[in-house]
Structure formats: C-alpha cells, structure tokens
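Data block for model.pdb (PDB, C-alpha atoms and all ligand atoms):
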```
ATOM      1  CA  MET A   1       0.000   0.000   0.000  1.00  0.00           C
ATOM      2  CA  VAL A   2       1.325   3.393  -0.959  1.00  0.00           C
ATOM      3  CA  VAL A   3       2.476   5.511   1.961  1.00  0.00           C
ATOM      4  CA  THR A   4      -0.006   8.370   2.431  1.00  0.00           C
ATOM      5  CA  ARG A   5       0.644  11.372   4.621  1.00  0.00           C
ATOM      6  CA  LYS A   6      -1.290  14.541   5.291  1.00  0.00           C
ATOM      7  CA  LYS A   7      -0.070  18.081   4.858  1.00  0.00           C
ATOM      8  CA  LEU A   8      -3.430  19.794   5.088  1.00  0.00           C
ATOM      9  CA  VAL A   9      -3.940  23.314   3.812  1.00  0.00           C
ATOM     10  CA  PRO A  10      -5.198  25.473   6.724  1.00  0.00           C
ATOM     11  CA  ASP A  11      -8.952  26.198   6.595  1.00  0.00           C
ATOM     12  CA  VAL A  12      -8.631  29.962   6.109  1.00  0.00           C
ATOM     13  CA  GLN A  13      -6.517  29.451   3.037  1.00  0.00           C
ATOM     14  CA  ALA A  14      -8.572  26.469   1.830  1.00  0.00           C
ATOM     15  CA  ASN A  15     -11.628  28.743   1.710  1.00  0.00           C
ATOM     16  CA  GLU A  16      -9.764  30.999  -0.745  1.00  0.00           C
ATOM     17  CA  VAL A  17      -9.127  28.246  -3.284  1.00  0.00           C
ATOM     18  CA  SER A  18     -12.250  26.066  -3.081  1.00  0.00           C
ATOM     19  CA  TYR A  19     -16.058  26.190  -2.852  1.00  0.00           C
ATOM     20  CA  GLY A  20     -15.740  25.240   0.816  1.00  0.00           C
ATOM     21  CA  LYS A  21     -16.922  21.963   2.319  1.00  0.00           C
ATOM     22  CA  GLY A  22     -19.887  19.771   1.333  1.00  0.00           C
ATOM     23  CA  ASN A  23     -18.286  17.590  -1.349  1.00  0.00           C
ATOM     24  CA  ALA A  24     -20.785  14.898  -2.448  1.00  0.00           C
ATOM     25  CA  LYS A  25     -17.820  12.478  -2.909  1.00  0.00           C
ATOM     26  CA  LYS A  26     -19.378  10.649  -5.864  1.00  0.00           C
ATOM     27  CA  TYR A  27     -16.348  10.578  -8.154  1.00  0.00           C
ATOM     28  CA  ILE A  28     -12.609  10.150  -8.017  1.00  0.00           C
ATOM     29  CA  VAL A  29     -11.067  12.391 -10.664  1.00  0.00           C
ATOM     30  CA  VAL A  30      -7.620  11.477 -12.005  1.00  0.00           C
ATOM     31  CA  HIS A  31      -5.251  14.201 -13.212  1.00  0.00           C
ATOM     32  CA  GLU A  32      -1.605  14.582 -14.117  1.00  0.00           C
ATOM     33  CA  THR A  33       0.409  17.605 -13.034  1.00  0.00           C
ATOM     34  CA  ASP A  34       1.891  18.088 -16.533  1.00  0.00           C
ATOM     35  CA  ASN A  35       4.941  19.394 -14.650  1.00  0.00           C
ATOM     36  CA  THR A  36       7.964  17.471 -15.930  1.00  0.00           C
ATOM     37  CA  ARG A  37      10.566  19.538 -14.061  1.00  0.00           C
ATOM     38  CA  THR A  38      13.057  17.612 -11.951  1.00  0.00           C
ATOM     39  CA  GLY A  39      11.865  17.570  -8.351  1.00  0.00           C
ATOM     40  CA  ALA A  40       8.228  18.377  -9.202  1.00  0.00           C
ATOM     41  CA  ASP A  41       7.123  15.497  -7.005  1.00  0.00           C
ATOM     42  CA  ALA A  42       4.241  14.987  -4.563  1.00  0.00           C
ATOM     43  CA  ASP A  43       6.038  16.748  -1.742  1.00  0.00           C
ATOM     44  CA  ALA A  44       6.750  19.800  -3.921  1.00  0.00           C
ATOM     45  CA  HIS A  45       3.116  20.056  -5.037  1.00  0.00           C
ATOM     46  CA  ALA A  46       1.823  19.587  -1.493  1.00  0.00           C
ATOM     47  CA  ARG A  47       4.151  22.332  -0.281  1.00  0.00           C
ATOM     48  CA  LEU A  48       2.970  24.576  -3.108  1.00  0.00           C
ATOM     49  CA  GLN A  49      -0.625  24.169  -1.919  1.00  0.00           C
ATOM     50  CA  TYR A  50       0.301  24.490   1.735  1.00  0.00           C
ATOM     51  CA  ASN A  51       2.312  27.672   1.167  1.00  0.00           C
ATOM     52  CA  GLY A  52      -0.493  29.352  -0.767  1.00  0.00           C
ATOM     53  CA  ASN A  53      -0.886  28.419  -4.391  1.00  0.00           C
ATOM     54  CA  SER A  54      -1.058  31.596  -6.457  1.00  0.00           C
ATOM     55  CA  ARG A  55      -3.256  29.926  -9.049  1.00  0.00           C
ATOM     56  CA  ASN A  56      -6.971  29.509  -8.516  1.00  0.00           C
ATOM     57  CA  ALA A  57      -6.634  25.772  -8.276  1.00  0.00           C
ATOM     58  CA  SER A  58      -6.689  23.118  -5.573  1.00  0.00           C
ATOM     59  CA  TRP A  59      -6.758  19.336  -5.340  1.00  0.00           C
ATOM     60  CA  HIS A  60      -6.975  16.695  -2.618  1.00  0.00           C
ATOM     61  CA  TYR A  61      -3.974  14.451  -3.294  1.00  0.00           C
ATOM     62  CA  THR A  62      -0.687  14.490  -5.163  1.00  0.00           C
ATOM     63  CA  VAL A  63       0.941  11.105  -5.849  1.00  0.00           C
ATOM     64  CA  ASP A  64       4.407  10.290  -7.140  1.00  0.00           C
ATOM     65  CA  ASP A  65       6.549   7.153  -7.345  1.00  0.00           C
ATOM     66  CA  LYS A  66       7.325   7.304  -3.610  1.00  0.00           C
ATOM     67  CA  GLU A  67       4.223   8.473  -1.745  1.00  0.00           C
ATOM     68  CA  ALA A  68       0.833  10.174  -1.739  1.00  0.00           C
ATOM     69  CA  VAL A  69       0.344  13.484   0.055  1.00  0.00           C
ATOM     70  CA  GLN A  70      -3.124  14.689   1.038  1.00  0.00           C
ATOM     71  CA  SER A  71      -3.684  18.471   1.030  1.00  0.00           C
ATOM     72  CA  PHE A  72      -7.466  18.633   1.611  1.00  0.00           C
ATOM     73  CA  GLU A  73      -9.906  16.427   3.493  1.00  0.00           C
ATOM     74  CA  HIS A  74     -12.477  14.864   1.149  1.00  0.00           C
ATOM     75  CA  ALA A  75     -15.209  17.224   2.369  1.00  0.00           C
ATOM     76  CA  TRP A  76     -13.649  20.180   0.523  1.00  0.00           C
ATOM     77  CA  ARG A  77     -14.908  21.059  -2.949  1.00  0.00           C
ATOM     78  CA  CYS A  78     -11.584  21.691  -4.658  1.00  0.00           C
ATOM     79  CA  TRP A  79     -11.112  23.572  -7.907  1.00  0.00           C
ATOM     80  CA  ALA A  80      -9.557  21.100 -10.305  1.00  0.00           C
ATOM     81  CA  ALA A  81     -12.074  19.462 -12.598  1.00  0.00           C
ATOM     82  CA  GLY A  82     -13.058  22.479 -14.692  1.00  0.00           C
ATOM     83  CA  SER A  83     -16.781  21.894 -14.111  1.00  0.00           C
ATOM     84  CA  THR A  84     -19.120  22.530 -11.201  1.00  0.00           C
ATOM     85  CA  THR A  85     -20.190  18.896 -10.979  1.00  0.00           C
ATOM     86  CA  GLY A  86     -16.607  17.663 -11.084  1.00  0.00           C
ATOM     87  CA  ASN A  87     -15.521  20.092  -8.391  1.00  0.00           C
ATOM     88  CA  ASN A  88     -18.545  19.655  -6.116  1.00  0.00           C
ATOM     89  CA  GLN A  89     -18.700  15.870  -6.368  1.00  0.00           C
ATOM     90  CA  GLY A  90     -15.144  14.777  -7.038  1.00  0.00           C
ATOM     91  CA  ILE A  91     -12.091  13.825  -5.009  1.00  0.00           C
ATOM     92  CA  GLN A  92      -9.148  15.085  -7.058  1.00  0.00           C
ATOM     93  CA  VAL A  93      -5.977  13.009  -7.444  1.00  0.00           C
ATOM     94  CA  GLU A  94      -2.989  14.532  -9.251  1.00  0.00           C
ATOM     95  CA  VAL A  95      -0.299  12.132 -10.499  1.00  0.00           C
ATOM     96  CA  CYS A  96       3.226  13.527 -10.878  1.00  0.00           C
ATOM     97  CA  VAL A  97       5.082  13.343 -14.177  1.00  0.00           C
ATOM     98  CA  ASN A  98       8.409  14.796 -12.991  1.00  0.00           C
ATOM     99  CA  SER A  99      11.244  13.675 -15.255  1.00  0.00           C
ATOM    100  CA  ASP A 100      13.255  12.274 -12.330  1.00  0.00           C
ATOM    101  CA  GLY A 101      10.325  10.093 -11.246  1.00  0.00           C
ATOM    102  CA  ASN A 102       9.076   6.716 -12.437  1.00  0.00           C
ATOM    103  CA  TYR A 103       5.709   7.261 -14.145  1.00  0.00           C
ATOM    104  CA  GLN A 104       4.749   3.590 -14.036  1.00  0.00           C
ATOM    105  CA  LYS A 105       5.368   3.443 -10.286  1.00  0.00           C
ATOM    106  CA  ALA A 106       3.496   6.700  -9.737  1.00  0.00           C
ATOM    107  CA  MET A 107       0.489   5.213 -11.556  1.00  0.00           C
ATOM    108  CA  LEU A 108       0.687   2.046  -9.428  1.00  0.00           C
ATOM    109  CA  ASN A 109       0.718   4.222  -6.323  1.00  0.00           C
ATOM    110  CA  ALA A 110      -2.191   6.263  -7.674  1.00  0.00           C
ATOM    111  CA  ALA A 111      -4.128   3.025  -8.285  1.00  0.00           C
ATOM    112  CA  GLU A 112      -3.532   1.941  -4.681  1.00  0.00           C
ATOM    113  CA  LEU A 113      -4.629   5.339  -3.401  1.00  0.00           C
ATOM    114  CA  VAL A 114      -7.758   5.303  -5.592  1.00  0.00           C
ATOM    115  CA  ALA A 115      -8.593   1.791  -4.347  1.00  0.00           C
ATOM    116  CA  LYS A 116      -8.340   3.038  -0.770  1.00  0.00           C
ATOM    117  CA  ILE A 117     -10.533   6.101  -1.403  1.00  0.00           C
ATOM    118  CA  MET A 118     -13.108   3.914  -3.192  1.00  0.00           C
ATOM    119  CA  LYS A 119     -13.288   1.665  -0.146  1.00  0.00           C
ATOM    120  CA  ASP A 120     -13.349   4.495   2.392  1.00  0.00           C
ATOM    121  CA  GLU A 121     -16.045   6.501   0.578  1.00  0.00           C
ATOM    122  CA  GLY A 122     -18.001   3.690  -1.100  1.00  0.00           C
ATOM    123  CA  ILE A 123     -17.278   4.974  -4.611  1.00  0.00           C
ATOM    124  CA  PRO A 124     -17.694   2.409  -7.439  1.00  0.00           C
ATOM    125  CA  ILE A 125     -14.945   1.888 -10.014  1.00  0.00           C
ATOM    126  CA  SER A 126     -17.328   3.179 -12.713  1.00  0.00           C
ATOM    127  CA  ASN A 127     -17.058   6.599 -11.026  1.00  0.00           C
ATOM    128  CA  VAL A 128     -13.271   6.738 -11.284  1.00  0.00           C
ATOM    129  CA  VAL A 129     -12.945   9.186 -14.153  1.00  0.00           C
ATOM    130  CA  GLN A 130     -10.397  11.342 -15.913  1.00  0.00           C
ATOM    131  CA  HIS A 131     -10.434  15.123 -15.665  1.00  0.00           C
ATOM    132  CA  ASN A 132     -11.293  15.009 -19.362  1.00  0.00           C
ATOM    133  CA  HIS A 133     -14.658  13.439 -18.473  1.00  0.00           C
ATOM    134  CA  PHE A 134     -15.843  16.692 -16.889  1.00  0.00           C
ATOM    135  CA  SER A 135     -14.296  19.444 -18.980  1.00  0.00           C
ATOM    136  CA  GLY A 136     -12.813  17.958 -22.130  1.00  0.00           C
ATOM    137  CA  LYS A 137      -9.320  19.047 -21.051  1.00  0.00           C
ATOM    138  CA  ASN A 138      -6.524  16.748 -22.212  1.00  0.00           C
ATOM    139  CA  CYS A 139      -5.839  15.557 -18.658  1.00  0.00           C
ATOM    140  CA  PRO A 140      -4.356  13.178 -17.554  1.00  0.00           C
ATOM    141  CA  SER A 141      -2.402  13.726 -20.769  1.00  0.00           C
ATOM    142  CA  GLN A 142       0.172  10.922 -20.637  1.00  0.00           C
ATOM    143  CA  MET A 143      -2.458   8.377 -19.656  1.00  0.00           C
ATOM    144  CA  ARG A 144      -4.644   9.655 -22.473  1.00  0.00           C
ATOM    145  CA  ALA A 145      -1.661   9.210 -24.809  1.00  0.00           C
ATOM    146  CA  GLY A 146      -1.489   5.572 -23.679  1.00  0.00           C
ATOM    147  CA  LYS A 147       1.682   5.612 -21.567  1.00  0.00           C
ATOM    148  CA  VAL A 148      -0.334   3.710 -18.958  1.00  0.00           C
ATOM    149  CA  SER A 149      -3.691   3.243 -20.634  1.00  0.00           C
ATOM    150  CA  ARG A 150      -7.000   3.759 -18.879  1.00  0.00           C
ATOM    151  CA  SER A 151      -7.730   0.035 -19.014  1.00  0.00           C
ATOM    152  CA  GLN A 152      -4.316  -0.790 -17.549  1.00  0.00           C
ATOM    153  CA  PHE A 153      -4.987   1.720 -14.794  1.00  0.00           C
ATOM    154  CA  ILE A 154      -8.380   0.139 -14.044  1.00  0.00           C
ATOM    155  CA  THR A 155      -6.662  -3.265 -13.821  1.00  0.00           C
ATOM    156  CA  MET A 156      -4.126  -1.793 -11.400  1.00  0.00           C
ATOM    157  CA  ILE A 157      -6.978  -0.468  -9.241  1.00  0.00           C
ATOM    158  CA  LYS A 158      -8.710  -3.848  -9.271  1.00  0.00           C
ATOM    159  CA  ASN A 159      -5.472  -5.577  -8.235  1.00  0.00           C
ATOM    160  CA  ALA A 160      -4.950  -3.022  -5.487  1.00  0.00           C
ATOM    161  CA  SER A 161      -8.564  -3.445  -4.311  1.00  0.00           C
ATOM    162  CA  GLY A 162      -7.993  -7.183  -4.024  1.00  0.00           C
ATOM    163  CA  ASN A 163      -5.089  -6.509  -1.722  1.00  0.00           C
ATOM    164  CA  THR A 164      -6.718  -3.909   0.493  1.00  0.00           C
ATOM    165  CA  THR A 165     -10.290  -5.121   0.847  1.00  0.00           C
ATOM    166  CA  GLN A 166     -12.464  -8.206   1.197  1.00  0.00           C
ATOM    167  CA  GLN A 167     -10.565 -11.526   0.915  1.00  0.00           C
ATOM    168  CA  LYS A 168     -13.791 -13.486   0.682  1.00  0.00           C
ATOM    169  CA  PRO A 169     -13.299 -16.839   2.391  1.00  0.00           C
ATOM    170  CA  SER A 170     -11.710 -19.217  -0.061  1.00  0.00           C
ATOM    171  CA  THR A 171     -12.044 -22.970   0.211  1.00  0.00           C
ATOM    172  CA  ASP A 172      -8.610 -23.405  -1.334  1.00  0.00           C
ATOM    173  CA  THR A 173      -6.095 -23.657   1.509  1.00  0.00           C
ATOM    174  CA  ASN A 174      -3.214 -24.855  -0.644  1.00  0.00           C
ATOM    175  CA  ARG A 175      -0.087 -22.773  -0.589  1.00  0.00           C
ATOM    176  CA  TYR A 176       1.387 -21.493  -3.812  1.00  0.00           C
ATOM    177  CA  ARG A 177       4.379 -19.489  -4.946  1.00  0.00           C
ATOM    178  CA  VAL A 178       4.972 -17.377  -8.025  1.00  0.00           C
ATOM    179  CA  LEU A 179       8.149 -17.994 -10.022  1.00  0.00           C
ATOM    180  CA  THR A 180       9.233 -15.456 -12.595  1.00  0.00           C
ATOM    181  CA  GLY A 181      10.848 -16.323 -15.888  1.00  0.00           C
ATOM    182  CA  THR A 182      14.621 -16.109 -15.916  1.00  0.00           C
ATOM    183  CA  TYR A 183      16.771 -12.975 -15.997  1.00  0.00           C
ATOM    184  CA  ALA A 184      20.125 -12.953 -17.729  1.00  0.00           C
ATOM    185  CA  THR A 185      21.925 -11.187 -14.893  1.00  0.00           C
ATOM    186  CA  LYS A 186      21.749 -11.453 -11.137  1.00  0.00           C
ATOM    187  CA  GLN A 187      21.433  -7.659 -11.007  1.00  0.00           C
ATOM    188  CA  ALA A 188      18.221  -7.776 -13.059  1.00  0.00           C
ATOM    189  CA  ALA A 189      16.776 -10.369 -10.682  1.00  0.00           C
ATOM    190  CA  GLU A 190      17.874  -8.282  -7.706  1.00  0.00           C
ATOM    191  CA  ASN A 191      16.075  -5.232  -9.084  1.00  0.00           C
ATOM    192  CA  VAL A 192      12.842  -7.225  -9.250  1.00  0.00           C
ATOM    193  CA  LEU A 193      13.468  -8.701  -5.793  1.00  0.00           C
ATOM    194  CA  ASP A 194      13.859  -5.188  -4.440  1.00  0.00           C
ATOM    195  CA  VAL A 195      10.437  -4.130  -5.769  1.00  0.00           C
ATOM    196  CA  LEU A 196       8.722  -7.248  -4.418  1.00  0.00           C
ATOM    197  CA  LYS A 197      10.266  -6.835  -0.976  1.00  0.00           C
ATOM    198  CA  HIS A 198      10.168  -3.106  -0.491  1.00  0.00           C
ATOM    199  CA  ARG A 199       7.246  -1.880  -2.596  1.00  0.00           C
ATOM    200  CA  PHE A 200       4.939  -4.862  -2.382  1.00  0.00           C
ATOM    201  CA  GLY A 201       6.130  -5.857   1.102  1.00  0.00           C
ATOM    202  CA  TRP A 202       6.444  -9.513   0.136  1.00  0.00           C
ATOM    203  CA  VAL A 203       8.809 -12.307   1.099  1.00  0.00           C
ATOM    204  CA  ALA A 204      10.850 -13.207  -1.997  1.00  0.00           C
ATOM    205  CA  TYR A 205      14.082 -14.898  -3.001  1.00  0.00           C
ATOM    206  CA  ILE A 206      16.493 -15.156  -5.898  1.00  0.00           C
ATOM    207  CA  GLU A 207      17.230 -18.591  -7.261  1.00  0.00           C
ATOM    208  CA  PRO A 208      19.878 -19.642  -9.764  1.00  0.00           C
ATOM    209  CA  ASP A 209      18.516 -21.450 -12.808  1.00  0.00           C
ATOM    210  CA  GLU A 210      21.217 -22.887 -15.032  1.00  0.00           C
ATOM    211  CA  ALA A 211      23.325 -19.844 -15.876  1.00  0.00           C
ATOM    212  CA  LYS A 212      20.458 -17.442 -15.232  1.00  0.00           C
ATOM    213  CA  TRP A 213      18.426 -16.170 -12.306  1.00  0.00           C
ATOM    214  CA  ARG A 214      14.786 -16.148 -11.372  1.00  0.00           C
ATOM    215  CA  VAL A 215      12.762 -14.702  -8.513  1.00  0.00           C
ATOM    216  CA  LYS A 216      10.549 -16.816  -6.273  1.00  0.00           C
ATOM    217  CA  THR A 217       7.925 -15.353  -3.956  1.00  0.00           C
ATOM    218  CA  GLY A 218       7.001 -16.541  -0.493  1.00  0.00           C
ATOM    219  CA  THR A 219       3.772 -18.534  -0.285  1.00  0.00           C
ATOM    220  CA  PHE A 220       0.220 -17.328  -0.908  1.00  0.00           C
ATOM    221  CA  THR A 221      -2.762 -19.263   0.455  1.00  0.00           C
ATOM    222  CA  GLY A 222      -5.334 -20.125  -2.217  1.00  0.00           C
ATOM    223  CA  MET A 223      -5.343 -19.839  -5.987  1.00  0.00           C
ATOM    224  CA  ASP A 224      -7.101 -16.431  -5.972  1.00  0.00           C
ATOM    225  CA  ALA A 225      -4.365 -14.889  -3.857  1.00  0.00           C
ATOM    226  CA  VAL A 226      -1.479 -16.303  -5.856  1.00  0.00           C
ATOM    227  CA  GLN A 227      -3.164 -15.369  -9.130  1.00  0.00           C
ATOM    228  CA  ALA A 228      -3.527 -11.784  -7.887  1.00  0.00           C
ATOM    229  CA  GLY A 229       0.161 -11.867  -6.946  1.00  0.00           C
ATOM    230  CA  ALA A 230       1.172 -13.082 -10.388  1.00  0.00           C
ATOM    231  CA  ASN A 231      -1.010 -10.400 -11.997  1.00  0.00           C
ATOM    232  CA  LYS A 232       0.567  -7.743  -9.827  1.00  0.00           C
ATOM    233  CA  ILE A 233       4.043  -8.803 -10.980  1.00  0.00           C
ATOM    234  CA  LYS A 234       2.939  -8.687 -14.621  1.00  0.00           C
ATOM    235  CA  THR A 235       1.071  -5.381 -14.304  1.00  0.00           C
ATOM    236  CA  ALA A 236       4.199  -3.828 -12.829  1.00  0.00           C
ATOM    237  CA  LYS A 237       6.084  -5.218 -15.840  1.00  0.00           C
ATOM    238  CA  LEU A 238       8.569  -6.981 -13.576  1.00  0.00           C
ATOM    239  CA  ALA A 239       8.364 -10.230 -15.494  1.00  0.00           C
ATOM    240  CA  GLN A 240       6.951 -11.255 -18.846  1.00  0.00           C
ATOM    241  CA  VAL A 241       6.400 -14.813 -17.741  1.00  0.00           C
ATOM    242  CA  THR A 242       5.219 -16.091 -14.390  1.00  0.00           C
ATOM    243  CA  LYS A 243       4.560 -19.603 -13.213  1.00  0.00           C
ATOM    244  CA  ILE A 244       2.493 -20.700 -10.225  1.00  0.00           C
ATOM    245  CA  VAL A 245       3.695 -23.701  -8.260  1.00  0.00           C
ATOM    246  CA  VAL A 246       2.120 -25.564  -5.339  1.00  0.00           C
ATOM    247  CA  ASN A 247       4.123 -25.424  -2.139  1.00  0.00           C
ATOM    248  CA  ASN A 248       2.485 -27.266   0.730  1.00  0.00           C
ATOM    249  CA  ILE A 249       5.715 -28.188   2.457  1.00  0.00           C
ATOM    250  CA  LYS A 250       6.139 -26.022   5.517  1.00  0.00           C
ATOM    251  CA  ASP A 251       9.396 -24.153   5.301  1.00  0.00           C
ATOM    252  CA  GLN A 252      11.170 -21.135   6.624  1.00  0.00           C
ATOM    253  CA  ASP A 253       9.388 -18.134   5.149  1.00  0.00           C
ATOM    254  CA  SER A 254       5.732 -18.466   6.032  1.00  0.00           C
TER
HETATM  255 ZN    ZN A 301      -6.510  17.796 -14.598  1.00  0.00          ZN
END
```
What would the structure in this file look like if it were written as structure tokens?
Ligand SMILES: [Zn+2]
Amino acid sequence: MVVTRKKLVPDVQANEVSYGKGNAKKYIVVHETDNTRTGADADAHARLQYNGNSRNASWHYTVDDKEAVQSFEHAWRCWAAGSTTGNNQGIQVEVCVNSDGNYQKAMLNAAELVAKIMKDEGIPISNVVQHNHFSGKNCPSQMRAGKVSRSQFITMIKNASGNTTQQKPSTDTNRYRVLTGTYATKQAAENVLDVLKHRFGWVAYIEPDEAKWRVKTGTFTGMDAVQAGANKIKTAKLAQVTKIVVNNIKDQDS
C-alpha cells in the first residue's frame, strides 16, 4: 500500500481556493500535473498548496513514485475538474510526471490510493474518471496518450482493491508461490526482488537457474491470492512470464 501522509492546507486558506466543504464524494477524478521539471514530485506540489498556491486551483492528493500526500480532506470542494459537478462531487488526485520520477510506479501508487478512497467513501470503479470526463481538457495527458492506458490503470486499481479489501473466504487452503521467468543477470533479478520486498512488502528470493536467475515469492494461500500476486508482478512489468507452483511443504518463510 502506498504511503499516504497529510499536509493539510489550513482552513482559512482552503476557503480561498475552493467552494468550501460539502463535497458529495461521488467521483474520483484522475489528473496529471503536466509538470515534468526535476523535483516536481508529490512533496513539492503539497508544499505549493500548503504555502499558498497563487493559481486559482486546488486538489486533494498528489501522488508520485514514492508516496501520496493529502492536502485537503475529502469534504472540501476543490477547484480542479473544470466543471461545477466535477468540483462539487469529485475527489481530485494529481499524479506527478516529474522527469526524475518513475511514471509507471506513480500510476501504481495512484491506483492503490484510488482503491483506498473507493473503499473508504463507497465509490464504485465506474465513477473513477479522468479530468477530461468533466471538462474535455486533455488531462491526464500521458495516460490519455497511452503511456499507462486507462484500461491498464483500471486493472491496477482492481489488483490493489484485491489486496486492500475483502478476501472473501476461499475454500482453497493450498499454498502457492509465483516464479518469474529467468533474468540474464543477477542484477536484473535483484532489481525485481527489491520491488517485491520493499514496494509490495512480500517475502521473496532469488534462485539460480542454469546460468540465469529467477525470482521466487514466499507462499500465498489459495489460488485467488497467488493469481492476484502473479497479476501484480505482470502489471508492474517486472516479469513477462510467471509460473504458479504448489508449495504445501512447511518451510522457513511463512
Ligand atoms: Zn486535470
């Protein structure tokens, strides 16, 4: 789950750049900052809002490849969507496109954040919309250009929802692992291992395979869980091929 912290704009100032409170919270509106400058990350945008944005604009969250920062509680009707309905009924999420950031990772973080807001506010996935939906503006522009397509983003949200919500009781109590295809260098495998351990928070290992290397996850209980894990690896483009193996022998990791 993406790390989310609050740096809330003080009420007096919030009243200057919004329609005040009373947001109907029916939609989650996805934007991109369109700011490609180095360092134009979530922290920088949150500080901009906190310190008094000179533009007549405001938004609830800024997300980058490291974290999400919340600037307004959901109740505020921020000025971001370019239409009264969008502003009065939408929770606005800006995704960073700074050139020193990883866009793919930022979108994964945005998907996790959106999944959390959906759950917290009871907003259906059909009401996760682009800024373009309300005003016709070309925003989020890189998503609209297909860098991470809308359908890929929806899949990311669904994967994230599976990890944060429900877990309906499964009758399958088998334990499974995901194995990736092989990587030519140990470094490549280590890069993937790093993401699994530190971004996904999983147990994972590197295994030699002939002259190559592959990554093996810790165990998941049930086919649904392991399938979601394999999908998450593929969606993050960490491996082109994944294989699911049964692992009912009790061993060190879980
Ligand atoms: Zn926008």
For A:His198, find every residue with an atom within 12 Å (counting only C-alpha atoms), except residues of its own chain fewer than 5 positions away, and show them as an NGL selection string.
:A and (1-3 or 66 or 190-193 or 203-204)
Any residue with an atom at most 9 Å from ligand ZN 301 (chain A) counts, using only C-alpha atoms and all ligand atoms. Which are they? Put them as a PyMOL selection string.
chain A and resi 29-34+80-82+92-94+130-132+137-141
Could you turn the residues from that selection into a file that holds C-alpha atoms, as an mmCIF file, in the coordinates of the input?
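For reference, selection-v2.cif as written:
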```
data_model
loop_
_atom_site.group_PDB
_atom_site.id
_atom_site.type_symbol
_atom_site.label_atom_id
_atom_site.label_comp_id
_atom_site.auth_asym_id
_atom_site.auth_seq_id
_atom_site.Cartn_x
_atom_site.Cartn_y
_atom_site.Cartn_z
ATOM 1 C CA VAL A 29 -11.067 12.391 -10.664
ATOM 2 C CA VAL A 30 -7.620 11.477 -12.005
ATOM 3 C CA HIS A 31 -5.251 14.201 -13.212
ATOM 4 C CA GLU A 32 -1.605 14.582 -14.117
ATOM 5 C CA THR A 33 0.409 17.605 -13.034
ATOM 6 C CA ASP A 34 1.891 18.088 -16.533
ATOM 7 C CA ALA A 80 -9.557 21.100 -10.305
ATOM 8 C CA ALA A 81 -12.074 19.462 -12.598
ATOM 9 C CA GLY A 82 -13.058 22.479 -14.692
ATOM 10 C CA GLN A 92 -9.148 15.085 -7.058
ATOM 11 C CA VAL A 93 -5.977 13.009 -7.444
ATOM 12 C CA GLU A 94 -2.989 14.532 -9.251
ATOM 13 C CA GLN A 130 -10.397 11.342 -15.913
ATOM 14 C CA HIS A 131 -10.434 15.123 -15.665
ATOM 15 C CA ASN A 132 -11.293 15.009 -19.362
ATOM 16 C CA LYS A 137 -9.320 19.047 -21.051
ATOM 17 C CA ASN A 138 -6.524 16.748 -22.212
ATOM 18 C CA CYS A 139 -5.839 15.557 -18.658
ATOM 19 C CA PRO A 140 -4.356 13.178 -17.554
ATOM 20 C CA SER A 141 -2.402 13.726 -20.769
#
```
Compile the contact shell of A:Tyr176 as a VMD selection string: residues with an atom at most 7 Å away, counting only C-alpha atoms, same-chain residues fewer than 6 positions apart removed.
chain A and resid 219 to 221 226 244 to 247
Just so the selection is clear, what residues does the PyMOL selection byres (((chain A and resi 108-117) around 6) and not hetatm) cover here, as a tab-separated table (two decimals) with C-alpha atoms, in the coordinates of the input?
```tsv
chain	number	residue	atom	x	y	z
A	2	VAL	CA	1.32	3.39	-0.96
A	105	LYS	CA	5.37	3.44	-10.29
A	106	ALA	CA	3.50	6.70	-9.74
A	107	MET	CA	0.49	5.21	-11.56
A	118	MET	CA	-13.11	3.91	-3.19
A	119	LYS	CA	-13.29	1.66	-0.15
A	120	ASP	CA	-13.35	4.50	2.39
A	121	GLU	CA	-16.05	6.50	0.58
A	156	MET	CA	-4.13	-1.79	-11.40
A	157	ILE	CA	-6.98	-0.47	-9.24
A	160	ALA	CA	-4.95	-3.02	-5.49
A	161	SER	CA	-8.56	-3.44	-4.31
```
If you count all atoms listed in the file, which residues fall within 12 Å of A:Leu8, apart from same-chain ones fewer than 6 positions away, as a compact mmCIF listing (two decimals) with C-alpha atoms, in the frame of the given file?
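So the final result, stored in around.txt, reads:
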```
# COMPACT_ATOMS: atom_id res chain seq x y z
CA ALA A 14 -8.57 26.47 1.83
CA ALA A 46 1.82 19.59 -1.49
CA ARG A 47 4.15 22.33 -0.28
CA LEU A 48 2.97 24.58 -3.11
CA GLN A 49 -0.62 24.17 -1.92
CA TYR A 50 0.30 24.49 1.74
CA ASN A 51 2.31 27.67 1.17
CA GLY A 52 -0.49 29.35 -0.77
CA SER A 58 -6.69 23.12 -5.57
CA TRP A 59 -6.76 19.34 -5.34
CA HIS A 60 -6.98 16.70 -2.62
CA TYR A 61 -3.97 14.45 -3.29
CA THR A 62 -0.69 14.49 -5.16
CA VAL A 69 0.34 13.48 0.06
CA GLN A 70 -3.12 14.69 1.04
CA SER A 71 -3.68 18.47 1.03
CA PHE A 72 -7.47 18.63 1.61
CA GLU A 73 -9.91 16.43 3.49
CA HIS A 74 -12.48 14.86 1.15
CA TRP A 76 -13.65 20.18 0.52
```
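Rounded to one decimal, atom CA of A:Lys212 and atom CA of A:Ala225 lie 27.4 Å from each other.
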Just the number, please: distance in Å from atom CA of A:Ile206 to atom CA of A:Val148, one decimal.
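It comes out at 28.5 Å.
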Interatomic distance (Å, one decimal) between atom CA of A:Thr235 and atom CA of A:Asp172:
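Atom CA of A:Thr235 sits 24.2 Å away from atom CA of A:Asp172.
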Neighbours of point (-18.8, 17.1, -3.7) within 6 Å, using all atoms listed in the file, written as a short mmCIF file (atom, residue, chain, number, x, y, z; two decimals) with C-alpha atoms, in the frame of the given file:
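Result file follows (point_22.cif):
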```cif
data_model
loop_
_atom_site.label_atom_id
_atom_site.label_comp_id
_atom_site.auth_asym_id
_atom_site.auth_seq_id
_atom_site.Cartn_x
_atom_site.Cartn_y
_atom_site.Cartn_z
CA GLY A 22 -19.89 19.77 1.33
CA ASN A 23 -18.29 17.59 -1.35
CA ALA A 24 -20.78 14.90 -2.45
CA LYS A 25 -17.82 12.48 -2.91
CA ARG A 77 -14.91 21.06 -2.95
CA ASN A 88 -18.55 19.66 -6.12
CA GLN A 89 -18.70 15.87 -6.37
CA GLY A 90 -15.14 14.78 -7.04
#
```
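In this comparison, which uses only C-alpha atoms, the residue of A:Asn159, A:Gln13, A:Ile154, A:Leu238 approaching A:Ala188 most closely is A:Leu238.
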